[in-house]
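Q: Next up is a structure, given as structure tokens.
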Amino acid sequence: LLRRIAERTFDLVVIGGGITGVGTALDAVSRGLSVALLEAGDLAGGTSSRSGKVFHGGLRYLEQLNFSLVRQALTERDLMVDRLCPHLVSPEPFLFPFTRRWERPYVGAGVLLYDLLRLRGTRSVPGHRHLTRRGVLRQMPALHPGRITGGVRYHDVRVDDARHTLTVARTAAGLGAQVLTRMQVVGMLWDGDRIAGVRARDVSASAPASAGSWPADVGLPAAEFPVRARCVVNAAGVWAEQVQALAGRPSISVTVAKGIHLVVPGDRIDSRTGLIARTPDSVFILRRWFDHWLLGTTDTRWEHGPADPAATRSDVDYLLGQANRWLRAPLGAGDVVGIYAGLRPLVSGPAAVTAALSRDHVVVSGPPGMVTVVGGKYTTYRLMARDAVDACARWLGRLPVSGTEWLPILGAAGHDVLRGQRSSLAAESGVDEWWIGRLLGRYGSLTTDLLDLIADRPELGRPVPGATGYLAAELHYAASHEAAMTLEDALVRRTRIFMETRDRGLAAARHAAGVVGEVLGWDETRRDEEVVRYRLEREADRRAAAALTDQEAVTARRAVRGTAASSGCREQM
Ligand SMILES: Cc1cc2nc3c(=O)[nH]c(=O)nc-3n(C[C@H](O)[C@H](O)[C@H](O)COP(=O)(O)OP(=O)(O)OC[C@H]3O[C@@H](n4cnc5c(N)ncnc54)[C@H](O)[C@@H]3O)c2cc1C
């Protein structure tokens with residue numbers, strides 16, 4: 001495959017397999033362009049698996065009078081539910097509790113506007129509703145009653161970001177895009193002063209030390225290979241400035257802000273709704289995450305590189321403190337099942353080179369043959385992708401208009417029919433109806449792939465030991481159909497075992513390595529290595545989360561990894 005890729009010229013090479021990159025690949029391939037996407041790690045391995053997991057209009061942007069951004073985002077949010085990925089999303093209620101009388105007219109006007117700014121008249125995402133004090137406490141018995149005077153409830157839309165990004169990537173691949181993970185772009189190819197593609201390096205654990213020899217005219221080191229293209233899109237998120245630097249002097253500057261989230265068990269908070277509340281600098285949001293609650297987020301400057309954000313004890317204490325301002329029965333550190341940290345890019349650059357095609361994201365053209373797209377929100381990824389591909393017209397010539405508004409992603413078509421057939425599917429497959437519902441919410445109509453697998457191998461229809469919210473078939477499928485290449489890919493992003501089990505998936509790791517390893521042809525040594533590496537990373541996370549500052553967290557993590565490396569992982573763990 002690599003050899004074939006090295007021998008052709010694509011219309012577009014996309015750098016980065018987060019939602020922006022995979023969205024760009026889908027937009028481009030659906031306009032008839034030939035596309036290769038290169039991702040240095042795993043799909044959604046950067047910010048796109050670490051967000052707040054909500055398609056939202058951004059209620060708080062209304063306070064900044066940014067109506068056009070809110071309208072765009074609300075339109076996208078509703079489009080996801082109505083057409084593009086109904087199988088992967090779920091409208092969820094959020095409560096804004098009032099503690100002062102003036103809040104009702106002020107916040108009430110905001111949520112009214114939030115509903116009115118929706119362009120489409122569909123009602124798949126319900127509108128807002130005012131609540132009395134009693135109504136608020138009925139919706140959320142867990143609230144401390146003392147301060148509440150009333151509230152208002154509105155809806156936004158939950159999404160599993162990593163699974164959504166993966167599914168957009170699979171949709172693009174299904175239409176002919178070449179999607180390659182563990183392929184790091186390490187330089188540019190030039191044709192005079194114009195970029196003519198990229199140099200990529202296979203960084204997978206199974207990469208041969210030497211990738212073989214390319215056609216003589218390529219002139220690259222053996223471990224690197226060329227991907228020629230008429231236009232290159234840099235969709236590298238918080239790495240965008242580094243990728244620009246590969247093409248000369250960067251025209252944007254990216255600084256990063258860290259945000260963390262906590263996961264607590266569903267039965268720990270008695271509520272039928274999520275909660276949104278002001279904090280001195282931003283907002284605190286509690287939202288339903290399947291059988292759990294998700295608490296977020298923080299917003300602090302991160303100065304330790306884009307690759308590896310760490311949550312600290314101070315971050316955790318801050319979020320627990322915010323939650324406990326509202327809860328009758330306070331949460332403690334012992335209630336926290338999962339923690340994850342992500343990075344937002346804060347972009348600045350000279351106005352002369354910055355074309356802000358939408359107010360929220362930035363599309364920069366140049367050097368010739370290259371477009372950089374960065375910023376924005378998960379919710380508006382489709383618009384970012386469309387704007388990035390439109391900007392490529394400068395190098396590719398006239399292009400058809402984007403059609404992704406009409407292109408449901410894989411698993412959407414027919415999922416509602418299958419939902420109606422849940423009981424017959426259960427009867428035919430022998431898989432419990434409850435599980436069929438779960439699978440439909442993760443795979444949509446692709447659920448039939450998993451049921452076929454279970455029909456062939458009934459043992460894969462059993463829950464994963466140590467992670468009983470998932471079937472073994474899901475791990476198998478992650479490796480056979482979803483490009484999972486490591487245990488970490490399978491436990492952190494294809495499934496969410498990592499953030500939904502108190503031991504972060506340690507008890508499930510060995511069984512999971514067996515299932516994934518069988519598909520990927522891992523021998524016993526490789527399976528052991530994967531388990532050891534997974535344990536090591538969780539230990540590094542644990543030590544970081546005990547530190548008070550970012551610097552201490554980074555040092556603690558490095559110490560775990562360094563000790564393991566010097567003493568040999570196997571003995572260490
Ligand atoms: C804490 C937090 C909460 C958020 N919550 C929400 C929310 O609820 N709703 C919402 O709409 N938005 C939210 N966002 C914003 C949203 O998550 C981001 O806008 C979005 O995920 C960014 O995606 P991306 O593809 O641009 O970047 P990324 O997902 O980071 O993808 C960039 C990719 O580029 C790859 N890459 C880098 N360098 C190279 C190279 N040299 N070669 C190949 N590949 C490379 C990286 O490995 C990475 O996978 C949140 C963000 C944060 C941090």
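Numbering starts fresh at 1 for the residues of each chain in the structure tokens, the chains themselves are lettered A, B, ... in the order given, and ligands are numbered from 1 as they appear.
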Could you give me, as a ChimeraX atom specification, every polymer residue with an atom at most 7 Å away from an atom of ligand 1, counting only C-alpha atoms and all ligand atoms?

A: /A:15-21,38-56,183-186,235-240,243,258-261,297,341-344,374-380

Q: Report as a VMD selection string: the residues of segment 175-379 of chain A with a DSSP assignment of alpha helix (DSSP H), based on the backbone of this structure.

A: chain A and resid 240 to 245 313 to 324

Q: Pick from A:Arg496, A:Arg287, A:Arg83, A:Arg3: nearest to Val337 of chain A, with only C-alpha atoms counted?

A: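 Counting only C-alpha atoms, the residue closest to Val337 of chain A is A:Arg496.
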
Q: Counting only C-alpha atoms, which residue out of A:Arg123, A:His164, A:Arg272, A:Arg31 sits closest to Val136 of chain A?

A: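 Closest to Val136 of chain A, using only C-alpha atoms: A:Arg272.
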
Q: I need the residue nearest Arg60 of chain A from this list: A:Val401, A:Leu175, A:Ile276, A:Ala478. Use only C-alpha atoms for the distance.

A: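 So, comparing all the options, the nearest one is A:Ile276.
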
Q: If we count only C-alpha atoms and set the cut-off at 12 Å, which residues sit around His130 of chain A, ignoring sequence neighbours fewer than 6 positions away in its own chain? Please answer as a list of chain:residue names.

A: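 Near His130 of chain A, the qualifying residues are A:Phe94, A:Leu95, A:Phe96, A:Pro97, A:Phe98, A:Glu103, A:Arg104, A:Pro105, A:Val107, A:Gly108, A:Ala109, A:Val111, A:Leu112, A:Val136, A:Gln139, A:Thr149, A:Gly150, A:Gly151, A:Val152, A:Arg153, A:Tyr154.
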
Q: Counting only C-alpha atoms, figure out which residue out of A:His87, A:Gly296, A:Asp360, A:Gly338 gets nearest to Ala73 of chain A.

A: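 Checking each candidate against Ala73 of chain A, we get A:Asp360 as the closest.
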
Q: Taking the DSSP assignment computed from this structure's backbone, write out as number ranges by chain all residues of segment 41-274 of chain A that belong to strand (DSSP E or B).

A: A: 54-55, 89-98, 129-131, 143, 150-159, 178-180, 183-191, 194-202, 224-234, 253-265, 274

Q: With distances taken over only C-alpha atoms, which of A:Ala507, A:Ala142, A:Ile195, A:Leu119 is nearest to Gly369 of chain A?

A: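 Closest to Gly369 of chain A of all the choices is A:Ile195.
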
Q: Near Trp293 of chain A, counting only C-alpha atoms, which residues have an atom at most 9 Å away, once you skip same-chain residues fewer than 5 positions from it, shown as JSON, numbers by chain?

A: {"A": [262, 263, 264, 265, 266, 267, 268, 269, 274, 286, 287, 288]}

Q: So which one's closest to Pro86 of chain A, A:Arg538, A:Arg504, A:Arg561, A:Arg158? Using only C-alpha atoms, please.

A: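 Nearest to Pro86 of chain A: A:Arg158.
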
Q: What's around Leu320 of chain A at 8 Å? Count only C-alpha atoms, leave out sequence neighbours fewer than 6 positions away in its own chain, and write the answer as a list of chain:residue names.

A: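 Listed by chain and then number, they are A:Leu331, A:Gly332, A:Ala333.
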
Q: Which residues, written as an MDAnalysis selection string, have at least one atom at most 10 Å from segment 510-525 of chain A, with only C-alpha atoms counted and residues fewer than 5 positions away on the same chain left out?

A: chainID A and resid 460 464:467 472:480 484:488 490:491 505 530:532 534

Q: Excluding same-chain residues fewer than 3 positions from Ala546 of chain A, what lies within 12 Å of it counting only C-alpha atoms, as number ranges by chain?

A: A: 310-317, 333, 339, 539-543, 549-550, 552-557
